[in-house]
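What follows is the content of target.txt, which has compact mmCIF, C-alpha atoms and all ligand atoms:
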# COMPACT_ATOMS: atom_id res chain seq x y z
CA MET A 1 46.77 -47.93 -44.09
CA THR A 2 46.22 -51.63 -43.73
CA ASP A 3 43.07 -53.17 -42.39
CA THR A 4 43.22 -54.61 -38.89
CA ASN A 5 42.42 -58.10 -37.74
CA ILE A 6 41.73 -56.90 -34.20
CA THR A 7 38.15 -57.58 -33.09
CA ARG A 8 36.00 -56.36 -30.23
CA ALA A 9 36.13 -59.88 -28.79
CA ALA A 10 39.93 -59.69 -28.77
CA CYS A 11 39.71 -56.41 -26.84
CA GLN A 12 37.37 -58.03 -24.33
CA ALA A 13 39.84 -60.89 -23.93
CA ARG A 14 42.56 -58.37 -23.12
CA ASP A 15 40.29 -56.84 -20.47
CA ALA A 16 39.73 -60.26 -18.94
CA ALA A 17 43.50 -60.70 -18.61
CA ASP A 18 44.18 -57.12 -17.44
CA PRO A 19 45.50 -56.96 -13.84
CA LEU A 20 44.33 -53.32 -13.55
CA ALA A 21 40.75 -54.03 -14.68
CA PRO A 22 39.39 -54.37 -11.09
CA LEU A 23 40.49 -50.79 -10.33
CA ARG A 24 37.70 -49.44 -12.55
CA ASP A 25 35.35 -50.23 -9.65
CA ARG A 26 37.21 -47.68 -7.55
CA PHE A 27 35.70 -44.93 -9.77
CA ASP A 28 32.17 -43.69 -10.36
CA LEU A 29 31.65 -43.24 -14.08
CA PRO A 30 28.22 -42.63 -15.57
CA ALA A 31 26.69 -45.37 -17.72
CA GLY A 32 26.90 -44.79 -21.45
CA VAL A 33 30.08 -42.70 -21.26
CA ILE A 34 33.55 -43.59 -22.52
CA TYR A 35 35.71 -41.12 -20.68
CA LEU A 36 38.87 -40.18 -22.59
CA ASP A 37 39.51 -36.85 -20.88
CA GLY A 38 41.24 -37.88 -17.67
CA ASN A 39 44.21 -35.82 -18.87
CA SER A 40 42.09 -32.70 -18.32
CA LEU A 41 39.84 -33.67 -15.39
CA GLY A 42 40.26 -37.11 -13.87
CA ALA A 43 37.17 -39.16 -13.04
CA ARG A 44 35.77 -39.24 -9.52
CA PRO A 45 37.15 -41.89 -7.18
CA ARG A 46 34.24 -43.72 -5.52
CA ALA A 47 35.64 -42.80 -2.09
CA ALA A 48 35.46 -39.06 -2.81
CA LEU A 49 31.74 -38.64 -2.19
CA ALA A 50 31.83 -40.13 1.33
CA ARG A 51 35.06 -38.24 2.08
CA ALA A 52 33.50 -34.91 1.05
CA GLN A 53 30.45 -35.73 3.17
CA ASP A 54 32.66 -36.54 6.17
CA VAL A 55 34.79 -33.41 5.83
CA VAL A 56 31.79 -31.14 5.50
CA ALA A 57 29.39 -32.82 7.96
CA ARG A 58 31.65 -34.12 10.72
CA GLU A 59 35.05 -32.45 10.51
CA TRP A 60 33.67 -29.01 9.77
CA GLY A 61 30.06 -29.26 10.95
CA THR A 62 30.59 -31.00 14.27
CA ASP A 63 34.24 -30.72 15.18
CA LEU A 64 34.64 -27.17 13.90
CA ILE A 65 38.00 -25.50 14.49
CA ARG A 66 39.34 -28.52 16.41
CA SER A 67 39.70 -30.25 13.04
CA TRP A 68 42.78 -28.22 12.14
CA ASN A 69 44.57 -30.53 14.59
CA ASP A 70 42.27 -33.47 15.25
CA ALA A 71 41.41 -34.18 11.60
CA GLY A 72 44.92 -33.32 10.41
CA TRP A 73 43.84 -30.38 8.25
CA PHE A 74 46.94 -28.39 9.04
CA ASP A 75 49.34 -31.16 8.02
CA MET A 76 47.48 -32.11 4.85
CA PRO A 77 49.72 -30.34 2.29
CA ARG A 78 52.74 -32.27 3.64
CA ARG A 79 50.95 -35.56 4.34
CA LEU A 80 49.51 -35.67 0.82
CA GLY A 81 52.88 -34.63 -0.56
CA ASP A 82 54.50 -37.63 1.14
CA ARG A 83 51.85 -39.89 -0.37
CA LEU A 84 52.36 -38.42 -3.83
CA ALA A 85 56.18 -38.50 -3.66
CA PRO A 86 56.67 -42.16 -4.73
CA LEU A 87 54.71 -41.52 -7.95
CA ILE A 88 57.25 -38.93 -9.10
CA GLY A 89 60.51 -40.35 -7.78
CA ALA A 90 60.68 -37.92 -4.86
CA HIS A 91 61.38 -38.55 -1.17
CA ALA A 92 59.15 -37.90 1.83
CA GLY A 93 59.48 -34.33 3.06
CA GLU A 94 60.10 -32.93 -0.43
CA VAL A 95 56.58 -32.47 -1.84
CA ALA A 96 53.72 -30.20 -0.78
CA VAL A 97 50.20 -30.32 -2.21
CA THR A 98 49.14 -26.69 -2.30
CA ASP A 99 48.03 -23.74 -4.43
CA THR A 100 47.80 -24.00 -8.23
CA THR A 101 50.33 -25.22 -10.77
CA SER A 102 50.71 -21.64 -11.99
CA LEU A 103 51.50 -20.37 -8.48
CA ASN A 104 53.86 -23.24 -7.71
CA LEU A 105 55.70 -22.61 -10.95
CA PHE A 106 56.07 -18.96 -9.96
CA LYS A 107 57.59 -19.99 -6.62
CA ALA A 108 59.91 -22.57 -8.17
CA LEU A 109 61.10 -20.18 -10.89
CA ALA A 110 61.62 -17.34 -8.43
CA ALA A 111 63.64 -19.62 -6.14
CA ALA A 112 65.68 -20.99 -9.05
CA LEU A 113 66.51 -17.48 -10.31
CA ARG A 114 67.47 -16.47 -6.78
CA ILE A 115 69.78 -19.47 -6.39
CA GLN A 116 71.46 -18.49 -9.64
CA ALA A 117 71.67 -14.81 -8.66
CA ASN A 118 73.40 -15.93 -5.45
CA GLY A 119 76.07 -17.77 -7.39
CA GLY A 120 74.48 -21.04 -8.44
CA ALA A 121 73.69 -24.37 -6.81
CA GLY A 122 76.11 -25.40 -4.09
CA GLU A 123 77.17 -28.64 -5.69
CA ARG A 124 78.47 -26.84 -8.75
CA ARG A 125 80.37 -24.03 -7.05
CA GLY A 126 83.63 -25.64 -8.05
CA ASP A 127 82.69 -24.88 -11.64
CA ALA A 128 81.89 -21.18 -11.31
CA PHE A 129 81.88 -20.34 -15.01
CA PRO A 130 80.14 -23.12 -16.94
CA ASN A 131 79.51 -21.99 -20.47
CA GLY A 132 81.63 -18.87 -19.93
CA ARG A 133 79.28 -16.98 -17.62
CA ARG A 134 78.77 -16.64 -13.88
CA ALA A 135 75.46 -17.93 -12.52
CA SER A 136 74.81 -14.52 -10.99
CA GLU A 137 74.92 -12.83 -14.41
CA ARG A 138 72.34 -15.09 -16.03
CA ARG A 139 68.91 -13.58 -16.76
CA VAL A 140 67.12 -15.87 -19.23
CA ILE A 141 64.43 -18.53 -18.72
CA VAL A 142 64.37 -20.90 -21.70
CA THR A 143 61.13 -22.71 -22.53
CA GLU A 144 59.14 -23.96 -25.52
CA ARG A 145 56.67 -21.85 -27.48
CA SER A 146 54.42 -24.95 -27.48
CA ASN A 147 54.40 -25.08 -23.68
CA PHE A 148 51.06 -24.77 -21.89
CA PRO A 149 50.39 -21.01 -22.02
CA THR A 150 50.16 -20.40 -18.28
CA ASP A 151 53.74 -21.62 -17.87
CA ILE A 152 54.96 -19.02 -20.36
CA TYR A 153 52.72 -16.34 -18.87
CA MET A 154 53.98 -16.97 -15.33
CA ALA A 155 57.63 -16.93 -16.45
CA GLU A 156 57.05 -13.67 -18.35
CA GLY A 157 55.14 -12.14 -15.43
CA LEU A 158 57.94 -12.99 -13.01
CA SER A 159 60.61 -11.68 -15.40
CA ARG A 160 58.73 -8.41 -15.95
CA TRP A 161 58.35 -7.98 -12.21
CA LEU A 162 62.01 -8.69 -11.47
CA GLN A 163 63.23 -6.29 -14.19
CA GLN A 164 67.08 -6.21 -14.24
CA GLY A 165 67.08 -7.76 -17.69
CA TYR A 166 65.20 -10.95 -16.79
CA ARG A 167 63.40 -12.37 -19.82
CA VAL A 168 61.92 -15.50 -21.39
CA ARG A 169 63.41 -17.10 -24.49
CA LEU A 170 61.07 -19.34 -26.49
CA VAL A 171 62.34 -22.19 -28.64
CA ASP A 172 60.32 -23.80 -31.42
CA SER A 173 61.58 -27.33 -31.03
CA VAL A 174 63.62 -29.52 -28.73
CA ASP A 175 66.46 -29.37 -31.27
CA GLU A 176 66.88 -25.66 -30.53
CA ILE A 177 67.36 -26.21 -26.80
CA PRO A 178 71.13 -26.87 -26.82
CA ALA A 179 71.86 -23.58 -28.60
CA ALA A 180 69.39 -21.71 -26.38
CA LEU A 181 71.28 -22.87 -23.26
CA ASP A 182 73.94 -20.23 -23.67
CA GLY A 183 75.80 -18.19 -21.07
CA ASP A 184 72.69 -16.02 -20.45
CA CYS A 185 70.43 -18.94 -19.53
CA ALA A 186 69.64 -19.24 -15.83
CA VAL A 187 66.80 -21.76 -15.98
CA LEU A 188 65.49 -24.34 -18.42
CA MET A 189 61.75 -24.67 -17.72
CA LEU A 190 60.03 -27.51 -19.55
CA THR A 191 56.76 -29.37 -19.42
CA HIS A 192 57.59 -33.06 -19.47
CA VAL A 193 54.58 -34.22 -21.53
CA ASN A 194 53.12 -31.68 -23.95
CA TYR A 195 49.42 -31.03 -23.33
CA ARG A 196 48.58 -30.76 -27.00
CA THR A 197 50.70 -33.39 -28.73
CA GLY A 198 51.34 -35.87 -25.93
CA HIS A 199 55.08 -35.72 -26.72
CA GLN A 200 57.28 -36.76 -23.77
CA HIS A 201 60.71 -35.22 -23.19
CA ASP A 202 63.76 -37.12 -21.96
CA MET A 203 63.96 -35.54 -18.52
CA ALA A 204 67.34 -36.98 -17.54
CA ALA A 205 69.06 -36.00 -20.81
CA LEU A 206 67.68 -32.45 -20.89
CA THR A 207 68.44 -31.88 -17.21
CA ARG A 208 72.01 -33.06 -17.82
CA LEU A 209 72.26 -30.66 -20.76
CA ALA A 210 70.95 -27.76 -18.64
CA HIS A 211 73.39 -28.47 -15.82
CA ALA A 212 76.34 -28.77 -18.19
CA ALA A 213 75.41 -25.34 -19.53
CA GLY A 214 75.21 -23.86 -16.02
CA ALA A 215 71.39 -23.67 -15.89
CA LEU A 216 68.90 -25.14 -13.43
CA ALA A 217 66.09 -27.40 -14.68
CA VAL A 218 62.46 -26.81 -13.61
CA TRP A 219 59.94 -29.43 -14.74
CA ASP A 220 56.16 -29.19 -15.07
CA LEU A 221 54.63 -32.64 -14.57
CA ALA A 222 50.98 -31.64 -15.17
CA HIS A 223 50.47 -34.30 -17.86
CA SER A 224 52.99 -36.75 -16.40
CA ALA A 225 52.15 -37.34 -12.72
CA GLY A 226 50.05 -40.50 -12.50
CA ALA A 227 50.41 -41.03 -16.25
CA VAL A 228 54.04 -42.08 -16.76
CA PRO A 229 56.77 -43.34 -14.39
CA LEU A 230 58.88 -40.45 -13.14
CA ASP A 231 62.25 -40.37 -11.41
CA LEU A 232 63.02 -36.79 -10.39
CA HIS A 233 66.02 -37.82 -8.29
CA GLY A 234 67.33 -40.16 -10.96
CA ALA A 235 67.14 -37.29 -13.46
CA ASN A 236 68.79 -34.94 -10.93
CA ALA A 237 66.07 -32.35 -11.63
CA ASP A 238 66.10 -29.13 -9.61
CA PHE A 239 62.41 -28.33 -9.06
CA ALA A 240 59.07 -29.69 -10.24
CA VAL A 241 55.40 -28.78 -10.12
CA GLY A 242 52.23 -30.44 -11.38
CA CYS A 243 48.47 -30.92 -11.22
CA THR A 244 46.44 -33.30 -9.08
CA TYR A 245 43.16 -32.89 -10.97
CA LYS A 246 44.36 -34.54 -14.18
CA TYR A 247 45.72 -38.12 -14.03
CA LEU A 248 45.80 -38.07 -10.20
CA ASN A 249 41.98 -37.74 -10.04
CA GLY A 250 41.96 -35.17 -7.23
CA GLY A 251 38.81 -33.32 -8.33
CA PRO A 252 38.02 -30.08 -10.19
CA GLY A 253 40.42 -27.33 -9.15
CA ALA A 254 42.20 -29.61 -6.66
CA PRO A 255 45.42 -28.08 -5.29
CA ALA A 256 48.60 -28.70 -7.27
CA PHE A 257 51.97 -29.93 -6.02
CA ILE A 258 55.51 -28.63 -5.76
CA TRP A 259 58.69 -30.65 -5.33
CA VAL A 260 61.78 -29.11 -3.74
CA PRO A 261 64.56 -31.68 -3.26
CA ARG A 262 66.34 -31.61 0.07
CA ARG A 263 69.54 -30.34 -1.53
CA HIS A 264 67.77 -27.09 -2.53
CA GLN A 265 65.50 -26.62 0.48
CA ALA A 266 67.78 -24.36 2.52
CA ALA A 267 68.21 -22.05 -0.49
CA PHE A 268 64.54 -22.18 -1.52
CA ASP A 269 63.54 -18.52 -1.28
CA HIS A 270 60.43 -17.18 -3.04
CA PRO A 271 58.46 -13.94 -2.76
CA LEU A 272 55.08 -15.45 -1.70
CA SER A 273 56.22 -15.59 1.92
CA GLY A 274 52.85 -16.08 3.60
CA TRP A 275 52.26 -17.24 7.15
CA TRP A 276 51.86 -20.91 6.23
CA GLY A 277 55.47 -20.89 5.06
CA HIS A 278 56.63 -19.47 8.39
CA ALA A 279 58.70 -21.61 10.77
CA ALA A 280 56.17 -20.94 13.54
CA PRO A 281 52.94 -19.61 11.98
CA PHE A 282 51.08 -19.38 15.29
CA ALA A 283 53.84 -17.45 17.00
CA MET A 284 52.37 -14.55 15.00
CA ALA A 285 55.76 -12.89 14.81
CA SER A 286 55.99 -9.70 12.78
CA ALA A 287 59.16 -10.92 11.03
CA PHE A 288 59.08 -13.73 8.48
CA ALA A 289 61.32 -16.74 9.14
CA PRO A 290 60.93 -19.57 6.65
CA SER A 291 59.93 -23.03 7.78
CA GLU A 292 62.58 -25.72 7.61
CA GLY A 293 62.09 -28.10 4.71
CA ILE A 294 59.21 -28.22 2.24
CA GLY A 295 56.97 -26.14 4.52
CA ARG A 296 58.54 -22.98 3.13
CA ALA A 297 56.84 -23.68 -0.20
CA LEU A 298 53.45 -22.99 1.40
CA CYS A 299 51.80 -19.59 1.37
CA GLY A 300 48.36 -19.25 3.00
CA THR A 301 45.32 -21.19 4.22
CA GLN A 302 44.45 -24.06 1.91
CA PRO A 303 41.05 -25.16 0.51
CA VAL A 304 40.56 -28.03 2.97
CA VAL A 305 37.56 -29.71 1.33
CA SER A 306 39.27 -29.83 -2.05
CA LEU A 307 42.59 -30.87 -0.54
CA ALA A 308 40.96 -33.77 1.33
CA LEU A 309 39.66 -35.22 -1.93
CA VAL A 310 43.16 -35.40 -3.40
CA GLU A 311 43.83 -38.21 -0.95
CA CYS A 312 41.03 -40.33 -2.49
CA GLY A 313 42.78 -40.13 -5.85
CA LEU A 314 46.19 -40.98 -4.39
CA GLU A 315 44.82 -43.99 -2.50
CA VAL A 316 43.91 -45.71 -5.77
CA PHE A 317 47.53 -45.59 -6.94
CA GLU A 318 48.61 -47.47 -3.82
CA ALA A 319 46.74 -50.52 -5.16
CA THR A 320 49.12 -50.72 -8.14
CA ASN A 321 52.38 -49.18 -9.39
CA MET A 322 53.49 -46.87 -12.18
CA ASP A 323 55.15 -49.64 -14.21
CA ALA A 324 51.87 -51.55 -14.45
CA ILE A 325 50.04 -48.32 -15.29
CA ARG A 326 52.60 -47.47 -17.98
CA ALA A 327 52.40 -50.92 -19.56
CA LYS A 328 48.63 -50.66 -19.89
CA SER A 329 48.79 -47.02 -21.00
CA LEU A 330 51.07 -47.91 -23.91
CA ALA A 331 48.88 -50.90 -24.80
CA LEU A 332 45.78 -48.67 -24.83
CA THR A 333 47.36 -45.89 -26.88
CA ASP A 334 48.94 -48.39 -29.32
CA LEU A 335 45.54 -50.02 -29.77
CA PHE A 336 43.79 -46.69 -30.30
CA ILE A 337 46.33 -45.59 -32.92
CA GLU A 338 46.10 -48.90 -34.76
CA LEU A 339 42.30 -49.00 -34.75
CA VAL A 340 41.90 -45.36 -35.85
CA GLU A 341 44.47 -45.70 -38.63
CA SER A 342 42.95 -48.93 -39.95
CA ARG A 343 39.22 -48.52 -39.38
CA CYS A 344 39.08 -44.78 -40.18
CA ALA A 345 41.52 -44.99 -43.11
CA GLY A 346 40.57 -42.62 -45.93
CA HIS A 347 39.51 -39.83 -43.59
CA PRO A 348 41.83 -36.83 -43.22
CA LEU A 349 43.18 -37.73 -39.80
CA GLY A 350 46.79 -36.97 -38.87
CA LEU A 351 48.56 -38.56 -35.91
CA VAL A 352 50.31 -35.87 -33.87
CA THR A 353 51.46 -38.01 -30.93
CA PRO A 354 54.81 -39.81 -31.29
CA ARG A 355 54.63 -43.51 -32.16
CA GLU A 356 57.87 -44.11 -30.28
CA HIS A 357 56.96 -45.31 -26.79
CA ALA A 358 59.70 -43.38 -25.01
CA ARG A 359 58.43 -40.13 -26.54
CA ARG A 360 54.74 -40.70 -25.79
CA GLY A 361 52.70 -39.68 -22.73
CA SER A 362 49.29 -41.20 -22.01
CA GLN A 363 47.22 -39.40 -24.63
CA VAL A 364 46.75 -39.62 -28.38
CA SER A 365 46.08 -36.55 -30.53
CA PHE A 366 44.80 -36.59 -34.08
CA THR A 367 44.25 -33.60 -36.33
CA HIS A 368 41.16 -33.35 -38.51
CA PRO A 369 40.19 -30.28 -40.58
CA HIS A 370 36.87 -30.26 -38.68
CA GLY A 371 38.34 -31.47 -35.39
CA TYR A 372 36.11 -29.30 -33.24
CA ALA A 373 32.92 -30.46 -34.98
CA VAL A 374 33.95 -34.11 -34.90
CA MET A 375 34.80 -33.91 -31.19
CA THR A 376 31.45 -32.23 -30.48
CA ALA A 377 29.70 -35.11 -32.27
CA LEU A 378 31.76 -37.67 -30.32
CA ILE A 379 30.85 -36.05 -27.00
CA ALA A 380 27.16 -36.00 -27.98
CA ARG A 381 27.44 -39.77 -28.39
CA GLY A 382 29.13 -40.29 -25.03
CA VAL A 383 32.76 -40.50 -26.17
CA ILE A 384 34.33 -37.69 -24.18
CA GLY A 385 37.67 -36.35 -25.37
CA ASP A 386 38.46 -32.73 -26.03
CA TYR A 387 39.72 -30.29 -28.63
CA ARG A 388 42.74 -28.01 -28.69
CA GLU A 389 43.68 -25.45 -31.32
CA PRO A 390 44.68 -25.97 -34.05
CA GLU A 391 42.50 -28.81 -35.36
CA ILE A 392 43.57 -31.25 -32.62
CA MET A 393 41.29 -33.89 -31.12
CA ARG A 394 42.76 -35.12 -27.84
CA PHE A 395 42.07 -38.51 -26.34
CA GLY A 396 43.46 -39.21 -22.87
CA PHE A 397 43.87 -42.79 -21.64
CA THR A 398 43.72 -43.43 -17.92
CA PRO A 399 44.67 -47.08 -17.33
CA LEU A 400 42.95 -47.08 -13.93
CA TYR A 401 39.48 -46.89 -15.49
CA THR A 402 39.75 -47.27 -19.27
CA SER A 403 39.26 -50.72 -20.81
CA PHE A 404 40.41 -52.16 -24.13
CA ALA A 405 36.73 -52.58 -25.09
CA ASP A 406 36.29 -48.84 -24.40
CA VAL A 407 39.00 -48.17 -26.98
CA TRP A 408 37.25 -50.37 -29.52
CA ASP A 409 33.86 -48.75 -28.85
CA ALA A 410 35.27 -45.21 -29.03
CA VAL A 411 36.84 -45.90 -32.42
CA ASP A 412 33.59 -47.51 -33.57
CA VAL A 413 31.70 -44.28 -32.82
CA LEU A 414 34.42 -42.17 -34.43
CA LYS A 415 34.31 -44.32 -37.58
CA ASP A 416 30.53 -44.04 -37.76
CA ILE A 417 30.61 -40.23 -37.38
CA LEU A 418 33.32 -39.86 -40.03
CA ASP A 419 31.81 -42.36 -42.50
CA ARG A 420 28.42 -40.66 -42.33
CA GLY A 421 29.77 -37.12 -42.10
CA ALA A 422 27.59 -36.82 -39.01
CA TYR A 423 29.10 -33.64 -37.58
CA ASP A 424 28.08 -30.00 -37.77
CA VAL A 425 30.93 -27.90 -39.12
CA ASN A 426 29.17 -24.79 -37.77
CA ALA A 427 28.91 -26.15 -34.21
CA ALA A 428 29.03 -23.24 -31.76
CA ARG A 429 32.11 -23.09 -29.52
CA SER A 430 31.69 -23.28 -25.76
CA ALA A 431 33.83 -21.38 -23.27
CA VAL A 432 35.71 -24.45 -22.04
CA THR A 433 36.33 -26.99 -24.75
C1 LIG B 1 46.96 -28.16 -16.80
C2 LIG B 1 48.25 -27.43 -16.79
C3 LIG B 1 48.43 -26.32 -15.96
C4 LIG B 1 47.30 -25.80 -15.11
O1 LIG B 1 47.69 -24.79 -14.25
P1 LIG B 1 46.73 -24.30 -13.10
O2 LIG B 1 47.43 -23.17 -12.49
O3 LIG B 1 46.53 -25.46 -12.15
O4 LIG B 1 45.42 -23.92 -13.72
C5 LIG B 1 49.67 -25.71 -15.94
N1 LIG B 1 50.68 -26.16 -16.73
C6 LIG B 1 50.53 -27.21 -17.55
C7 LIG B 1 51.66 -27.68 -18.38
C8 LIG B 1 49.30 -27.87 -17.61
O5 LIG B 1 49.14 -28.91 -18.42

Take the structure I supplied and represent it as structure tokens, if you would.
Ligand SMILES: *Cc1c(COP(=O)(O)O)cnc(C)c1O
Amino acid sequence: MTDTNITRAACQARDAADPLAPLRDRFDLPAGVIYLDGNSLGARPRAALARAQDVVAREWGTDLIRSWNDAGWFDMPRRLGDRLAPLIGAHAGEVAVTDTTSLNLFKALAAALRIQANGGAGERRGDAFPNGRRASERRVIVTERSNFPTDIYMAEGLSRWLQQGYRVRLVDSVDEIPAALDGDCAVLMLTHVNYRTGHQHDMAALTRLAHAAGALAVWDLAHSAGAVPLDLHGANADFAVGCTYKYLNGGPGAPAFIWVPRRHQAAFDHPLSGWWGHAAPFAMASAFAPSEGIGRALCGTQPVVSLALVECGLEVFEATNMDAIRAKSLALTDLFIELVESRCAGHPLGLVTPREHARRGSQVSFTHPHGYAVMTALIARGVIGDYREPEIMRFGFTPLYTSFADVWDAVDVLKDILDRGAYDVNAARSAVT
């Protein structure tokens, strides 16, 4: 590794020229903390505290049940979905903010399998036997072994419940995907940016591959939404889900989102047919009739206080755009990689995240044989990243509130800890790391 000629002053100069730098004031971050974990729990938008106060004190406390209409509580899943849509390349009326990512994935997978069981997506009916097999005979969900575990668990749970030969097929690398998309494959379910490595898939190419093989493509955008530009329509994806509490800064446990493009809405049929998905929930009919449009993706009453805070996170994005965010994200992650590799050279660190921009999300992961202990020492000194098995230290970069000087300072602390061996290899593990 070569030494670097980058200085802290040069990083400060980049901050002075950074068009996104003023957005840091839209967040409340504690003094003395460099927060590199926005990929796990985004920082708190400044507006969130007053919004929570207003929802609890006025909307709930004073206006009581009238707020379902007067404060727009009932429409919030759709209204927030419309506000989120531009960030993921979706149209208004196609996104709902609701439930958890796990639950939304269950709904999307169930609906995708049902579409296949009914003969496949309408636009491909002319080609009834792609890859030598009818859509209705396909029983396999293909995904990666390295996917976030809940995605695999939900796919396996759904398959087990459906019986009839439904099953999950795990691949060990992206190179195995073409062969796995055989005549049995009904759905290709992928997470766009890997939570552990920060590797980004080519959504358009893999969706094209899935369609050519007669499969539908379901995308998890948990580590992509608000982190990288997305174009779901451009990629011709079939369904997507994702988190709002990571890069979208919606708050701990904030409801997730689900995208159902208009072309699939009429066929979108899932088993969680609760009253919020009904065409007329307050008609209190004994028979279920799905709502037109994205409303049918809803299930039951939503956590209003939490949902309201999602809007504070989305508002910040309206002050900029994903191309500006991406440009700064790549600059921050490039800088971090260069500084770690030059200033911490000689320590057993291994870069896991792709160097190639097109393959990189907005995080950088390094392995270290004592990764957990080193991360614990970093956090004790105010540099907050996190740790994922095996041996991986994860550093998330949120361009809305992370500065170039933050990157310099974080590497400075890392270098000091490594040079002095100032970490406890027997550090006790906590429940959430
Ligand atoms: C964070 C994350 C989740 C979280 O799912 P929840 O149901 O919201 O807890 C799911 N999938 C992926 C890929 C994630 O990164």

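Considering the residues A:Ser224, A:Gln164, A:Thr207, A:Gln53 and counting only C-alpha atoms and all ligand atoms, ligand LIG 1 (chain B) has its shortest atom-to-atom contact with A:Ser224.
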
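Closest approach to ligand LIG 1 (chain B) among A:Phe74, A:Pro86, A:Gly198, A:Ala92 is made by A:Gly198 (distances from all atoms listed in the file).
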
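The shortest atom-to-atom distance to ligand LIG 1 (chain B), with only C-alpha atoms and all ligand atoms taken into account, belongs to A:Glu144 out of A:Asp172, A:Glu144, A:Glu389, A:Glu59.
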
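The two atoms in question, CA of Arg360 (chain A) and CA of Arg83 (chain A), are spaced 25.6 Å apart.
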
Set out as a Markdown table a contact list for chain A and ligand LIG 1 (chain B) with a cut-off of 6 Å, giving each residue of chain A that qualifies its closest atom pair and distance in Å to one decimal, counting all atoms listed in the file, ordered by chain and rising residue number.
| residue | atom | partner | partner_atom | distance |
| --- | --- | --- | --- | --- |
| A:Thr100 | CA | B:LIG1 | O2 | 4.4 |
| A:Thr101 | CA | B:LIG1 | O2 | 3.9 |
| A:Ser102 | CA | B:LIG1 | O2 | 3.7 |
| A:Phe148 | CA | B:LIG1 | C7 | 4.6 |
| A:Thr150 | CA | B:LIG1 | C5 | 5.8 |
| A:Asp151 | CA | B:LIG1 | N1 | 5.6 |
| A:Thr191 | CA | B:LIG1 | C7 | 5.5 |
| A:Tyr195 | CA | B:LIG1 | O5 | 5.4 |
| A:Asp220 | CA | B:LIG1 | C7 | 5.8 |
| A:Ala222 | CA | B:LIG1 | O5 | 4.6 |
| A:His223 | CA | B:LIG1 | O5 | 5.6 |
| A:Cys243 | CA | B:LIG1 | O3 | 5.9 |

Restricted to C-alpha atoms, what would the selected residues look like written as a compact mmCIF listing (two decimals), in the coordinates of the input?
# COMPACT_ATOMS: atom_id res chain seq x y z
CA THR A 100 47.80 -24.00 -8.23
CA THR A 101 50.33 -25.22 -10.77
CA SER A 102 50.71 -21.64 -11.99
CA PHE A 148 51.06 -24.77 -21.89
CA THR A 150 50.16 -20.40 -18.28
CA ASP A 151 53.74 -21.62 -17.87
CA THR A 191 56.76 -29.37 -19.42
CA TYR A 195 49.42 -31.03 -23.33
CA ASP A 220 56.16 -29.19 -15.07
CA ALA A 222 50.98 -31.64 -15.17
CA HIS A 223 50.47 -34.30 -17.86
CA CYS A 243 48.47 -30.92 -11.22

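Remark: for Asp269 (chain A), the closest of the candidate residues A:Gln116, A:Thr333, A:Ser67, A:Thr98 is A:Gln116 (distances computed over only C-alpha atoms).
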